[in-house]
>>> print(open('entry.txt').read())   # compact mmCIF, C-alpha atoms and all ligand atoms
# COMPACT_ATOMS: atom_id res chain seq x y z
CA MET M 1 101.76 39.06 49.45
CA ARG M 2 100.94 41.83 51.90
CA ALA M 3 103.87 44.09 51.13
CA SER M 4 103.32 43.78 47.35
CA GLU M 5 99.62 44.54 47.73
CA GLU M 6 100.36 47.61 49.81
CA ALA M 7 103.07 48.74 47.38
CA PHE M 8 100.64 48.32 44.49
CA ARG M 9 97.97 50.38 46.23
CA GLN M 10 100.45 53.18 46.85
CA ALA M 11 101.76 52.98 43.29
CA ALA M 12 98.27 53.17 41.82
CA GLU M 13 97.75 56.51 43.58
CA ALA M 14 100.73 58.11 41.85
CA ILE M 15 101.32 56.10 38.68
CA PRO M 16 98.62 55.21 36.11
CA GLY M 17 97.65 51.60 36.78
CA GLY M 18 100.50 51.46 39.30
CA VAL M 19 102.97 50.55 36.56
CA ASN M 20 105.28 52.21 34.07
CA SER M 21 104.56 49.72 31.26
CA PRO M 22 101.08 48.18 30.92
CA VAL M 23 101.73 44.41 30.87
CA ARG M 24 103.41 44.63 34.27
CA ALA M 25 100.00 45.24 35.87
CA ALA M 26 99.23 41.50 35.23
CA LEU M 27 95.59 42.32 34.39
CA ALA M 28 95.50 39.70 31.61
CA VAL M 29 96.08 36.90 34.12
CA GLY M 30 93.81 38.26 36.83
CA ALA M 31 96.68 38.88 39.21
CA GLU M 32 98.43 41.78 40.86
CA PRO M 33 102.09 42.51 40.24
CA ALA M 34 104.76 41.23 42.57
CA PHE M 35 106.86 44.23 43.58
CA ILE M 36 110.48 43.25 43.24
CA ALA M 37 113.11 43.78 45.89
CA ARG M 38 116.12 42.24 44.14
CA GLY M 39 117.41 39.70 41.66
CA GLU M 40 120.41 37.41 41.59
CA GLY M 41 121.29 34.88 38.91
CA ALA M 42 118.14 33.01 37.88
CA PHE M 43 116.14 34.27 40.87
CA LEU M 44 113.96 37.21 41.84
CA TRP M 45 112.78 38.13 45.33
CA ASP M 46 109.67 40.20 45.88
CA VAL M 47 109.14 42.68 48.71
CA ASP M 48 107.42 39.94 50.76
CA GLY M 49 110.54 37.78 50.59
CA ASN M 50 109.08 35.24 48.11
CA ARG M 51 111.70 33.76 45.80
CA TYR M 52 110.95 33.04 42.12
CA LEU M 53 112.81 31.23 39.37
CA ASP M 54 112.61 33.93 36.71
CA TYR M 55 111.77 33.31 33.04
CA VAL M 56 111.05 36.96 32.20
CA GLY M 57 114.58 38.33 32.60
CA SER M 58 113.32 41.92 32.46
CA TRP M 59 111.61 40.99 29.16
CA GLY M 60 114.77 39.73 27.53
CA PRO M 61 117.84 41.81 28.38
CA LEU M 62 119.16 39.68 31.25
CA ILE M 63 120.58 36.79 29.27
CA MET M 64 123.46 36.52 31.75
CA GLY M 65 121.06 36.48 34.71
CA HIS M 66 120.27 39.10 37.34
CA ALA M 67 123.06 41.23 38.77
CA HIS M 68 125.88 39.28 37.15
CA PRO M 69 128.98 40.33 39.15
CA ALA M 70 131.03 41.25 36.06
CA VAL M 71 128.21 43.40 34.66
CA VAL M 72 127.59 45.11 37.99
CA GLU M 73 131.32 45.77 38.37
CA ALA M 74 131.51 47.27 34.86
CA VAL M 75 128.54 49.51 35.60
CA CYS M 76 129.99 50.68 38.93
CA ALA M 77 133.37 51.38 37.39
CA ALA M 78 131.77 53.42 34.58
CA ALA M 79 129.55 55.30 37.04
CA ARG M 80 132.53 56.29 39.16
CA ASP M 81 133.95 58.05 36.10
CA GLY M 82 130.77 60.01 35.47
CA LEU M 83 127.18 59.24 34.53
CA SER M 84 126.83 61.12 31.27
CA PHE M 85 128.79 63.57 29.18
CA GLY M 86 126.77 64.25 26.03
CA ALA M 87 130.09 63.87 24.23
CA PRO M 88 131.54 60.85 22.46
CA THR M 89 133.41 58.18 24.47
CA PRO M 90 135.62 55.30 23.22
CA GLY M 91 133.25 52.74 24.73
CA GLU M 92 130.59 53.61 22.14
CA THR M 93 132.97 52.68 19.33
CA ARG M 94 133.87 49.42 21.11
CA LEU M 95 130.20 48.52 21.35
CA ALA M 96 129.58 49.49 17.70
CA ARG M 97 132.47 47.19 16.71
CA VAL M 98 131.07 44.30 18.74
CA VAL M 99 127.74 44.80 16.97
CA ARG M 100 129.38 44.87 13.53
CA ASP M 101 131.31 41.67 14.26
CA ALA M 102 128.15 39.86 15.34
CA PHE M 103 125.88 41.39 12.66
CA PRO M 104 127.90 41.87 9.45
CA SER M 105 124.90 43.56 7.75
CA MET M 106 125.29 46.43 10.24
CA GLU M 107 128.18 48.23 8.61
CA MET M 108 127.45 51.32 10.70
CA VAL M 109 125.63 51.57 13.98
CA ARG M 110 123.98 54.35 15.95
CA LEU M 111 123.21 53.94 19.64
CA VAL M 112 119.90 55.11 21.11
CA SER M 113 118.16 54.56 24.45
CA SER M 114 115.20 52.27 23.71
CA GLY M 115 113.94 49.81 21.15
CA THR M 116 111.13 52.23 20.36
CA GLU M 117 113.67 54.87 19.36
CA ALA M 118 115.61 52.35 17.29
CA THR M 119 112.60 51.30 15.16
CA MET M 120 111.24 54.83 14.92
CA SER M 121 114.61 56.08 13.69
CA ALA M 122 115.09 53.17 11.27
CA ILE M 123 111.69 53.93 9.73
CA ARG M 124 112.56 57.61 9.40
CA LEU M 125 115.84 56.70 7.76
CA ALA M 126 114.13 54.29 5.35
CA ARG M 127 111.62 56.99 4.41
CA GLY M 128 114.39 59.57 4.09
CA VAL M 129 116.61 57.55 1.77
CA THR M 130 113.80 56.23 -0.44
CA GLY M 131 111.71 59.40 -0.52
CA ARG M 132 108.66 57.19 0.03
CA ASP M 133 106.10 57.30 2.84
CA CYS M 134 104.52 53.87 3.22
CA ILE M 135 105.76 51.09 5.46
CA VAL M 136 104.60 47.50 5.73
CA LYS M 137 104.34 45.80 9.13
CA PHE M 138 102.83 42.48 10.20
CA GLU M 139 99.84 41.70 12.37
CA GLY M 140 100.97 40.81 15.88
CA CYS M 141 104.48 42.23 15.49
CA TYR M 142 105.40 44.90 18.02
CA HIS M 143 108.02 47.49 17.23
CA GLY M 144 107.72 49.76 20.25
CA HIS M 145 105.12 52.46 20.78
CA ALA M 146 105.92 55.04 18.10
CA ASP M 147 102.69 56.31 16.49
CA ALA M 148 103.24 54.92 12.99
CA LEU M 149 103.92 51.42 14.31
CA LEU M 150 101.02 51.09 16.75
CA VAL M 151 98.80 49.28 14.29
CA LYS M 152 97.77 45.69 14.99
CA ALA M 153 100.71 45.59 17.37
CA GLY M 154 101.55 42.69 19.66
CA SER M 155 102.67 42.53 23.30
CA GLY M 156 100.70 44.75 25.70
CA ALA M 157 98.67 46.20 22.83
CA LEU M 158 97.31 42.70 22.24
CA THR M 159 96.32 41.75 25.76
CA MET M 160 94.94 45.18 26.52
CA GLY M 161 92.47 44.60 23.71
CA VAL M 162 93.63 47.81 22.03
CA PRO M 163 94.73 46.87 18.53
CA SER M 164 96.03 50.35 18.06
CA SER M 165 95.78 53.21 20.51
CA ALA M 166 93.77 56.31 21.27
CA GLY M 167 95.75 59.46 20.67
CA VAL M 168 97.31 58.32 17.42
CA PRO M 169 96.06 60.61 14.61
CA ALA M 170 94.75 58.74 11.58
CA GLY M 171 97.34 60.64 9.54
CA CYS M 172 100.16 58.96 11.48
CA THR M 173 99.08 55.46 10.52
CA ALA M 174 97.63 56.19 7.08
CA SER M 175 100.94 55.15 5.53
CA THR M 176 101.23 51.96 7.60
CA LEU M 177 100.13 48.90 5.63
CA VAL M 178 99.53 45.64 7.50
CA ALA M 179 100.32 42.17 6.16
CA ARG M 180 99.97 38.70 7.67
CA TYR M 181 102.98 37.08 9.29
CA ASN M 182 104.23 34.02 7.39
CA ASP M 183 102.03 34.95 4.43
CA LEU M 184 104.05 36.20 1.47
CA ASP M 185 100.92 36.51 -0.67
CA SER M 186 99.58 39.18 1.67
CA VAL M 187 102.85 41.08 1.15
CA ARG M 188 102.79 40.62 -2.62
CA ALA M 189 99.24 41.97 -2.72
CA LEU M 190 100.26 45.18 -0.93
CA PHE M 191 103.27 45.63 -3.22
CA ALA M 192 101.21 44.96 -6.34
CA GLU M 193 98.94 47.82 -5.35
CA ARG M 194 101.36 50.34 -3.78
CA GLY M 195 104.88 49.00 -4.27
CA GLU M 196 106.26 52.28 -5.62
CA GLU M 197 105.18 54.05 -2.42
CA ILE M 198 106.63 51.54 0.05
CA ALA M 199 109.80 52.73 1.83
CA ALA M 200 110.32 49.61 3.92
CA VAL M 201 109.04 46.34 5.29
CA ILE M 202 109.70 46.01 9.03
CA VAL M 203 109.49 42.57 10.57
CA GLU M 204 110.39 40.66 13.71
CA PRO M 205 112.34 37.91 11.90
CA VAL M 206 111.25 35.56 14.66
CA ALA M 207 108.12 37.11 16.14
CA GLY M 208 108.19 37.35 19.93
CA ASN M 209 105.44 39.81 20.73
CA MET M 210 102.46 37.60 19.89
CA GLY M 211 104.28 34.87 21.77
CA VAL M 212 107.11 33.21 19.89
CA VAL M 213 106.22 32.56 16.24
CA PRO M 214 109.11 31.45 14.03
CA PRO M 215 109.16 32.30 10.32
CA ARG M 216 108.27 29.56 7.91
CA ASP M 217 110.93 28.41 5.46
CA GLY M 218 111.09 30.91 2.65
CA PHE M 219 109.24 33.72 4.44
CA LEU M 220 112.27 35.93 5.18
CA PRO M 221 114.03 35.24 1.84
CA GLY M 222 110.70 36.03 0.16
CA LEU M 223 110.57 39.42 1.91
CA ARG M 224 114.11 40.09 0.70
CA GLU M 225 113.15 39.29 -2.88
CA ILE M 226 109.99 41.39 -2.89
CA THR M 227 111.61 44.44 -1.26
CA GLU M 228 114.56 44.25 -3.65
CA ALA M 229 112.29 44.06 -6.67
CA TYR M 230 110.55 47.28 -5.63
CA GLY M 231 113.55 49.21 -4.28
CA SER M 232 112.17 49.10 -0.72
CA LEU M 233 114.30 48.53 2.37
CA LEU M 234 114.04 45.42 4.52
CA VAL M 235 114.24 46.23 8.23
CA PHE M 236 114.82 43.41 10.72
CA ASP M 237 113.60 44.37 14.17
CA GLU M 238 115.95 42.18 16.21
CA VAL M 239 115.39 44.10 19.45
CA MET M 240 114.30 40.85 21.09
CA THR M 241 116.01 38.26 18.88
CA GLY M 242 119.45 39.89 18.58
CA PHE M 243 122.00 37.98 20.73
CA ARG M 244 119.06 35.79 21.79
CA VAL M 245 117.97 33.47 18.97
CA SER M 246 121.65 33.18 18.13
CA PHE M 247 124.56 35.46 19.02
CA GLY M 248 124.23 37.10 15.59
CA GLY M 249 120.44 37.17 15.74
CA VAL M 250 118.05 35.60 13.28
CA GLN M 251 120.00 36.99 10.34
CA ALA M 252 122.99 34.79 11.19
CA LEU M 253 120.73 31.75 10.76
CA CYS M 254 118.38 32.58 7.89
CA GLY M 255 120.89 33.75 5.30
CA VAL M 256 119.00 36.98 4.61
CA ASP M 257 120.90 40.27 4.46
CA PRO M 258 118.63 43.06 5.74
CA ASP M 259 119.23 46.72 4.86
CA LEU M 260 118.63 47.94 8.41
CA THR M 261 118.57 46.17 11.78
CA CYS M 262 117.26 47.30 15.16
CA LEU M 263 118.75 45.99 18.40
CA GLY M 264 117.77 46.54 22.04
CA LYS M 265 117.25 44.54 25.21
CA ILE M 266 120.40 42.35 25.50
CA ILE M 267 122.65 44.99 23.94
CA GLY M 268 122.05 47.15 27.03
CA GLY M 269 122.45 44.31 29.53
CA GLY M 270 119.53 45.68 31.59
CA MET M 271 120.33 49.36 31.10
CA PRO M 272 118.42 51.67 28.71
CA LEU M 273 120.33 51.17 25.48
CA ALA M 274 119.40 50.14 21.95
CA ALA M 275 120.82 50.56 18.46
CA PHE M 276 119.98 50.68 14.80
CA GLY M 277 122.30 50.22 11.90
CA GLY M 278 122.81 48.73 8.50
CA LYS M 279 124.29 49.50 5.14
CA ARG M 280 126.83 52.30 5.16
CA ARG M 281 125.19 54.07 2.19
CA TYR M 282 121.99 54.44 4.22
CA LEU M 283 123.52 55.23 7.62
CA GLU M 284 125.58 58.00 6.03
CA GLN M 285 122.29 59.78 5.33
CA LEU M 286 121.89 60.43 9.08
CA ALA M 287 122.68 63.85 10.58
CA PRO M 288 125.34 65.24 10.83
CA LEU M 289 126.41 63.60 7.52
CA GLY M 290 123.06 63.64 5.79
CA PRO M 291 119.54 65.09 5.86
CA VAL M 292 117.80 62.53 8.14
CA TYR M 293 117.66 63.95 11.66
CA GLN M 294 118.03 61.77 14.74
CA ALA M 295 119.49 62.60 18.15
CA GLY M 296 119.47 61.81 21.90
CA THR M 297 120.70 63.55 25.06
CA LEU M 298 121.56 60.22 26.69
CA ALA M 299 122.30 58.26 23.50
CA GLY M 300 125.40 56.10 23.97
CA ASN M 301 125.30 56.70 27.72
CA PRO M 302 128.61 55.47 29.17
CA VAL M 303 127.09 53.47 32.04
CA ALA M 304 124.63 51.72 29.71
CA VAL M 305 127.41 51.07 27.20
CA ALA M 306 129.49 49.46 29.98
CA ALA M 307 126.59 47.15 30.89
CA GLY M 308 126.12 46.20 27.24
CA LEU M 309 129.80 45.56 26.59
CA ALA M 310 130.11 43.40 29.71
CA THR M 311 126.96 41.40 28.94
CA VAL M 312 127.77 40.76 25.30
CA GLY M 313 131.39 40.00 26.24
CA LEU M 314 130.30 37.25 28.63
CA LEU M 315 127.80 35.89 26.14
CA ARG M 316 130.45 35.69 23.43
CA GLU M 317 132.63 33.28 25.44
CA PRO M 318 132.77 29.85 23.77
CA GLY M 319 129.83 27.61 24.61
CA VAL M 320 127.87 30.16 26.65
CA HIS M 321 125.12 30.88 24.13
CA GLU M 322 124.93 27.24 23.04
CA GLY M 323 124.47 26.23 26.68
CA ILE M 324 121.53 28.61 27.14
CA VAL M 325 119.90 27.35 23.94
CA ALA M 326 120.35 23.71 25.03
CA LYS M 327 118.64 24.43 28.36
CA THR M 328 115.81 26.26 26.60
CA GLU M 329 115.31 23.27 24.34
CA GLU M 330 115.28 20.88 27.29
CA LEU M 331 112.64 22.99 29.02
CA ALA M 332 110.52 23.39 25.87
CA ARG M 333 110.59 19.65 25.10
CA GLY M 334 109.83 18.83 28.73
CA ILE M 335 106.75 21.09 28.75
CA GLU M 336 105.50 19.50 25.53
CA ARG M 337 105.89 16.03 27.05
CA LEU M 338 104.07 17.09 30.21
CA GLY M 339 101.21 18.56 28.18
CA ILE M 340 100.73 15.25 26.41
CA ALA M 341 101.09 13.22 29.61
CA ARG M 342 98.57 15.39 31.47
CA GLY M 343 96.17 15.74 28.55
CA VAL M 344 96.42 19.55 28.47
CA PRO M 345 96.31 20.89 24.91
CA LEU M 346 99.38 23.06 24.50
CA ARG M 347 102.00 23.99 21.93
CA VAL M 348 105.51 25.15 22.67
CA ASN M 349 107.15 27.41 20.08
CA ARG M 350 110.87 27.95 20.50
CA ALA M 351 113.66 29.81 18.73
CA GLY M 352 117.13 29.73 20.29
CA ALA M 353 116.87 30.89 23.90
CA MET M 354 113.26 32.11 23.76
CA PHE M 355 109.98 30.20 23.83
CA SER M 356 106.25 30.42 24.46
CA VAL M 357 103.66 27.97 25.75
CA PHE M 358 100.39 28.41 23.83
CA PHE M 359 97.31 26.71 25.20
CA THR M 360 95.92 25.50 21.90
CA GLU M 361 95.90 22.31 19.84
CA ASP M 362 96.66 24.09 16.58
CA GLU M 363 99.97 25.15 15.11
CA VAL M 364 100.65 28.80 15.98
CA CYS M 365 102.10 30.44 12.87
CA ASP M 366 100.60 33.95 12.85
CA TYR M 367 98.55 36.44 14.82
CA ARG M 368 95.20 34.77 14.21
CA SER M 369 96.37 31.34 15.28
CA ALA M 370 98.06 32.90 18.34
CA LEU M 371 94.72 34.48 19.26
CA SER M 372 93.09 31.04 19.16
CA SER M 373 94.88 30.09 22.38
CA ASN M 374 92.94 29.73 25.59
CA THR M 375 94.02 32.75 27.63
CA GLU M 376 92.04 31.55 30.67
CA LEU M 377 94.15 28.41 30.80
CA TYR M 378 97.27 30.56 30.50
CA ALA M 379 96.03 32.71 33.40
CA CYS M 380 95.60 29.56 35.55
CA PHE M 381 99.04 28.37 34.51
CA TYR M 382 100.52 31.73 35.48
CA ARG M 383 98.86 31.81 38.88
CA PHE M 384 99.78 28.21 39.79
CA LEU M 385 103.38 28.77 38.75
CA ARG M 386 103.69 32.04 40.57
CA ALA M 387 102.33 30.47 43.73
CA SER M 388 104.90 27.71 43.39
CA GLY M 389 107.79 30.12 42.85
CA VAL M 390 108.14 30.26 39.05
CA TYR M 391 107.85 33.70 37.46
CA ILE M 392 106.60 33.81 33.84
CA ALA M 393 105.20 36.63 31.72
CA PRO M 394 101.72 37.69 32.87
CA SER M 395 100.32 37.30 29.35
CA GLN M 396 99.90 34.55 26.78
CA PHE M 397 101.29 36.81 24.06
CA GLU M 398 104.85 37.21 25.29
CA ALA M 399 108.09 35.29 24.96
CA LEU M 400 109.76 33.55 27.91
CA PHE M 401 113.52 33.66 28.35
CA VAL M 402 116.21 31.38 29.74
CA SER M 403 119.52 32.83 30.96
CA ALA M 404 123.05 31.59 31.51
CA ALA M 405 122.25 31.50 35.23
CA HIS M 406 119.62 28.77 34.76
CA THR M 407 121.17 25.40 35.60
CA ASP M 408 120.01 21.92 34.63
CA ALA M 409 118.76 21.57 38.20
CA HIS M 410 116.67 24.75 37.82
CA ILE M 411 115.16 23.41 34.61
CA ALA M 412 114.34 20.06 36.23
CA ASP M 413 112.82 21.86 39.20
CA THR M 414 110.76 24.09 36.89
CA LEU M 415 109.44 21.06 35.01
CA GLU M 416 108.32 19.47 38.29
CA ARG M 417 106.41 22.59 39.24
CA ILE M 418 104.90 22.82 35.75
CA GLU M 419 103.77 19.22 36.04
CA ALA M 420 102.05 20.02 39.32
CA ALA M 421 100.40 23.09 37.75
CA LEU M 422 99.16 21.14 34.70
CA ALA M 423 97.84 18.40 36.97
CA ARG M 424 95.64 20.93 38.76
CA MET M 425 94.38 22.66 35.61
C1 LIG Z 1 110.82 45.26 23.19
C2 LIG Z 1 110.70 45.47 21.73
C3 LIG Z 1 110.66 46.76 21.16
C4 LIG Z 1 110.57 48.00 21.98
O1 LIG Z 1 111.68 48.21 22.79
P1 LIG Z 1 111.56 49.22 24.04
O2 LIG Z 1 112.94 49.27 24.58
O3 LIG Z 1 110.55 48.62 24.96
O4 LIG Z 1 111.11 50.53 23.51
C5 LIG Z 1 110.66 46.87 19.79
N1 LIG Z 1 110.69 45.78 19.01
C6 LIG Z 1 110.70 44.54 19.51
C7 LIG Z 1 110.74 43.36 18.59
C8 LIG Z 1 110.69 44.34 20.89
O5 LIG Z 1 110.66 43.10 21.38
>>> encode(input="entry.txt", output="structure tokens", more="lines below")
Ligand SMILES: *Cc1c(COP(=O)(O)O)cnc(C)c1O
Amino acid sequence: MRASEEAFRQAAEAIPGGVNSPVRAALAVGAEPAFIARGEGAFLWDVDGNRYLDYVGSWGPLIMGHAHPAVVEAVCAAARDGLSFGAPTPGETRLARVVRDAFPSMEMVRLVSSGTEATMSAIRLARGVTGRDCIVKFEGCYHGHADALLVKAGSGALTMGVPSSAGVPAGCTASTLVARYNDLDSVRALFAERGEEIAAVIVEPVAGNMGVVPPRDGFLPGLREITEAYGSLLVFDEVMTGFRVSFGGVQALCGVDPDLTCLGKIIGGGMPLAAFGGKRRYLEQLAPLGPVYQAGTLAGNPVAVAAGLATVGLLREPGVHEGIVAKTEELARGIERLGIARGVPLRVNRAGAMFSVFFTEDEVCDYRSALSSNTELYACFYRFLRASGVYIAPSQFEALFVSAAHTDAHIADTLERIEAALARM
């Protein structure tokens, strides 16, 4: 680990905490980050030459694995033609069409550069078209780090013990109402009191940022009913779940038609690209057609678009997504079996090609039950696995991801190493 340790020391001099996104610092698991030299397929190599089987996949985008040759070739070809123009290119329309085919609710699509921008812009649009200020979000859901959404947020904001953040004026979150995930009554109560002021409900339709927490039957249809009754918009934040839980996201499975959808991660194939879209009548309210302003110097960047098109193109091939889901299920079931065999209390939540291992005996169905997990056990689990060459998220409250590059042999190998880790815990 010497090279990583030295790299971390140097980074910490110049970069706050040595990292450009807080969870990477691995503080929650009492470790230091591995500095990465390269990735290929299902594997990562750190600067010390250690090889890891990777279940982070850059936090979700790399569903085709690291440095997939077709994606790298598409990126290189695009780069040779120029890195950015700040003018429209045909590739953007191709990607918008791919999105519309996979997500029929997204009649129009606008490309942005990060999931944070996508949710922030979707909220602005919802407020603009309804003329209302309030939004409803759920405890433990993370929608990026825009001010209005940093309330009881998941992901890094959970493990850092900062439920919201310093530097966010009270005025920015005064219109953010918080409900409980999987609890329609908590939503009904907010609407009963302030329904006429609520522009939108934003939800991770399968939560991934408090660890994976699937919706209960009826939860998402219930949100659709309530929002419709009050003339509020329903926003699905599918930044993580889009192309991941199924090719068409959660909405292809749950039969709910959201007004707006946010995409990110996989749609950029590892490059900075995200999108928001939805019903034409709303999207036509965006500038330059309408009064809701939204813009980006690098939005629809041609190199990022090429990475996204190549990634989604590979994923769309028959059987590819199903294969990744089958391997995820095999791994999730295997971990459950090992937990029972080794007497370690754990729960595995899974949705499509994402999953989490919670160290708790209780069902994890919302933020509070997620918080009941034993984070010290997770930290042990992380450190044993990392030492044995398996790379998982350095926090209990994150999703883990399987890619097309993971083979049955990789899964079997991972289960062996997990068994050894559980045996020592
Ligand atoms: C990752 C994520 C975001 C934020 O995306 P960034 O690209 O990190 O800004 C928003 N919503 C969800 C559900 C996410 O998982």
>>> closest_atom_pairs(input="entry.txt", of="chain M", to="ligand LIG 1 (chain Z)", cutoff="9 Å", atoms="only C-alpha atoms and all ligand atoms", output="JSON lines")
{"residue": "M:Ser21", "atom": "CA", "partner": "Z:LIG1", "partner_atom": "O3", "distance": 8.8}
{"residue": "M:Trp59", "atom": "CA", "partner": "Z:LIG1", "partner_atom": "C1", "distance": 7.4}
{"residue": "M:Gly60", "atom": "CA", "partner": "Z:LIG1", "partner_atom": "C1", "distance": 8.1}
{"residue": "M:Ser113", "atom": "CA", "partner": "Z:LIG1", "partner_atom": "O2", "distance": 7.4}
{"residue": "M:Ser114", "atom": "CA", "partner": "Z:LIG1", "partner_atom": "O2", "distance": 3.9}
{"residue": "M:Gly115", "atom": "CA", "partner": "Z:LIG1", "partner_atom": "O1", "distance": 3.2}
{"residue": "M:Thr116", "atom": "CA", "partner": "Z:LIG1", "partner_atom": "O4", "distance": 3.6}
{"residue": "M:Glu117", "atom": "CA", "partner": "Z:LIG1", "partner_atom": "O4", "distance": 6.5}
{"residue": "M:Ala118", "atom": "CA", "partner": "Z:LIG1", "partner_atom": "C5", "distance": 7.8}
{"residue": "M:Thr119", "atom": "CA", "partner": "Z:LIG1", "partner_atom": "C5", "distance": 6.7}
{"residue": "M:Cys141", "atom": "CA", "partner": "Z:LIG1", "partner_atom": "C7", "distance": 7.1}
{"residue": "M:Tyr142", "atom": "CA", "partner": "Z:LIG1", "partner_atom": "N1", "distance": 5.5}
{"residue": "M:His143", "atom": "CA", "partner": "Z:LIG1", "partner_atom": "N1", "distance": 3.6}
{"residue": "M:Gly144", "atom": "CA", "partner": "Z:LIG1", "partner_atom": "C4", "distance": 3.8}
{"residue": "M:His145", "atom": "CA", "partner": "Z:LIG1", "partner_atom": "O4", "distance": 6.9}
{"residue": "M:Ala146", "atom": "CA", "partner": "Z:LIG1", "partner_atom": "O4", "distance": 8.7}
{"residue": "M:Ser155", "atom": "CA", "partner": "Z:LIG1", "partner_atom": "O5", "distance": 8.2}
{"residue": "M:Val203", "atom": "CA", "partner": "Z:LIG1", "partner_atom": "C7", "distance": 8.2}
{"residue": "M:Glu204", "atom": "CA", "partner": "Z:LIG1", "partner_atom": "C7", "distance": 5.6}
{"residue": "M:Pro205", "atom": "CA", "partner": "Z:LIG1", "partner_atom": "C7", "distance": 8.8}
{"residue": "M:Val206", "atom": "CA", "partner": "Z:LIG1", "partner_atom": "C7", "distance": 8.7}
{"residue": "M:Ala207", "atom": "CA", "partner": "Z:LIG1", "partner_atom": "C7", "distance": 7.2}
{"residue": "M:Gly208", "atom": "CA", "partner": "Z:LIG1", "partner_atom": "O5", "distance": 6.4}
{"residue": "M:Asn209", "atom": "CA", "partner": "Z:LIG1", "partner_atom": "O5", "distance": 6.2}
{"residue": "M:Phe236", "atom": "CA", "partner": "Z:LIG1", "partner_atom": "C7", "distance": 8.9}
{"residue": "M:Asp237", "atom": "CA", "partner": "Z:LIG1", "partner_atom": "C7", "distance": 5.4}
{"residue": "M:Glu238", "atom": "CA", "partner": "Z:LIG1", "partner_atom": "C7", "distance": 5.8}
{"residue": "M:Val239", "atom": "CA", "partner": "Z:LIG1", "partner_atom": "C6", "distance": 4.7}
{"residue": "M:Met240", "atom": "CA", "partner": "Z:LIG1", "partner_atom": "O5", "distance": 4.3}
{"residue": "M:Thr241", "atom": "CA", "partner": "Z:LIG1", "partner_atom": "C7", "distance": 7.3}
{"residue": "M:Cys262", "atom": "CA", "partner": "Z:LIG1", "partner_atom": "N1", "distance": 7.8}
{"residue": "M:Leu263", "atom": "CA", "partner": "Z:LIG1", "partner_atom": "N1", "distance": 8.1}
{"residue": "M:Gly264", "atom": "CA", "partner": "Z:LIG1", "partner_atom": "O2", "distance": 6.1}
{"residue": "M:Lys265", "atom": "CA", "partner": "Z:LIG1", "partner_atom": "O2", "distance": 6.4}
{"residue": "M:Pro272", "atom": "CA", "partner": "Z:LIG1", "partner_atom": "O2", "distance": 7.3}
{"residue": "M:Leu273", "atom": "CA", "partner": "Z:LIG1", "partner_atom": "O2", "distance": 7.7}
{"residue": "M:Ala274", "atom": "CA", "partner": "Z:LIG1", "partner_atom": "O2", "distance": 7.0}
{"residue": "M:Ala399", "atom": "CA", "partner": "Z:LIG1", "partner_atom": "O5", "distance": 9.0}
>>> closest_residue(input="entry.txt", among="M:Glu5, M:Arg38, M:Ala74, M:Arg110", to="Leu286 of chain M", atoms="only C-alpha atoms")
M:Arg110
>>> residues_around(input="entry.txt", residues="segment 10-15 of chain M", least_positions_apart="4", cutoff="12 Å", atoms="all atoms listed in the file", output="PyMOL selection string")
chain M and resi 3-6+19-22+25+32-33+35
>>> closest_residue(input="entry.txt", among="M:Ala332, M:Val151, M:Cys134, M:Val303", to="Ser175 of chain M", atoms="only C-alpha atoms")
M:Cys134
>>> residues_around(input="entry.txt", residues="segment 76-81 of chain M", least_positions_apart="6", cutoff="9 Å", atoms="all atoms listed in the file", output="list in words")
Pro302, Val303, Ala304, Val305, Ala306 and Ala307 of chain M
>>> atom_distance(input="entry.txt", atom1="atom CA of Gly339 of chain M", atom2="atom CA of Ile324 of chain M")
22.7 Å
>>> atom_distance(input="entry.txt", atom1="atom CA of Ala34 of chain M", atom2="atom CA of Gly270 of chain M")
18.9 Å
>>> atom_distance(input="entry.txt", atom1="atom CA of Thr297 of chain M", atom2="atom CA of Ser84 of chain M")
9.1 Å
>>> decode(input="entry.txt", residues="segment 28-34 of chain M", atoms="N, CA and C atoms", output="mmCIF file, in the first residue's frame")
data_model
loop_
_atom_site.group_PDB
_atom_site.id
_atom_site.type_symbol
_atom_site.label_atom_id
_atom_site.label_comp_id
_atom_site.auth_asym_id
_atom_site.auth_seq_id
_atom_site.Cartn_x
_atom_site.Cartn_y
_atom_site.Cartn_z
ATOM 1 N N ALA M 28 -15.544 6.181 6.604
ATOM 2 C CA ALA M 28 -16.596 5.427 7.296
ATOM 3 C C ALA M 28 -16.178 3.988 7.581
ATOM 4 N N VAL M 29 -15.176 3.491 6.873
ATOM 5 C CA VAL M 29 -14.737 2.112 7.107
ATOM 6 C C VAL M 29 -13.326 2.074 7.698
ATOM 7 N N GLY M 30 -12.878 3.227 8.184
ATOM 8 C CA GLY M 30 -11.579 3.280 8.849
ATOM 9 C C GLY M 30 -10.438 2.857 7.955
ATOM 10 N N ALA M 31 -10.523 3.241 6.681
ATOM 11 C CA ALA M 31 -9.459 2.863 5.745
ATOM 12 C C ALA M 31 -8.964 4.116 5.029
ATOM 13 N N GLU M 32 -7.943 3.925 4.224
ATOM 14 C CA GLU M 32 -7.498 4.993 3.340
ATOM 15 C C GLU M 32 -7.803 4.575 1.920
ATOM 16 N N PRO M 33 -8.025 5.542 1.033
ATOM 17 C CA PRO M 33 -8.383 5.152 -0.336
ATOM 18 C C PRO M 33 -7.236 4.453 -1.061
ATOM 19 N N ALA M 34 -7.600 3.476 -1.894
ATOM 20 C CA ALA M 34 -6.643 2.953 -2.862
ATOM 21 C C ALA M 34 -6.614 3.958 -4.011
#
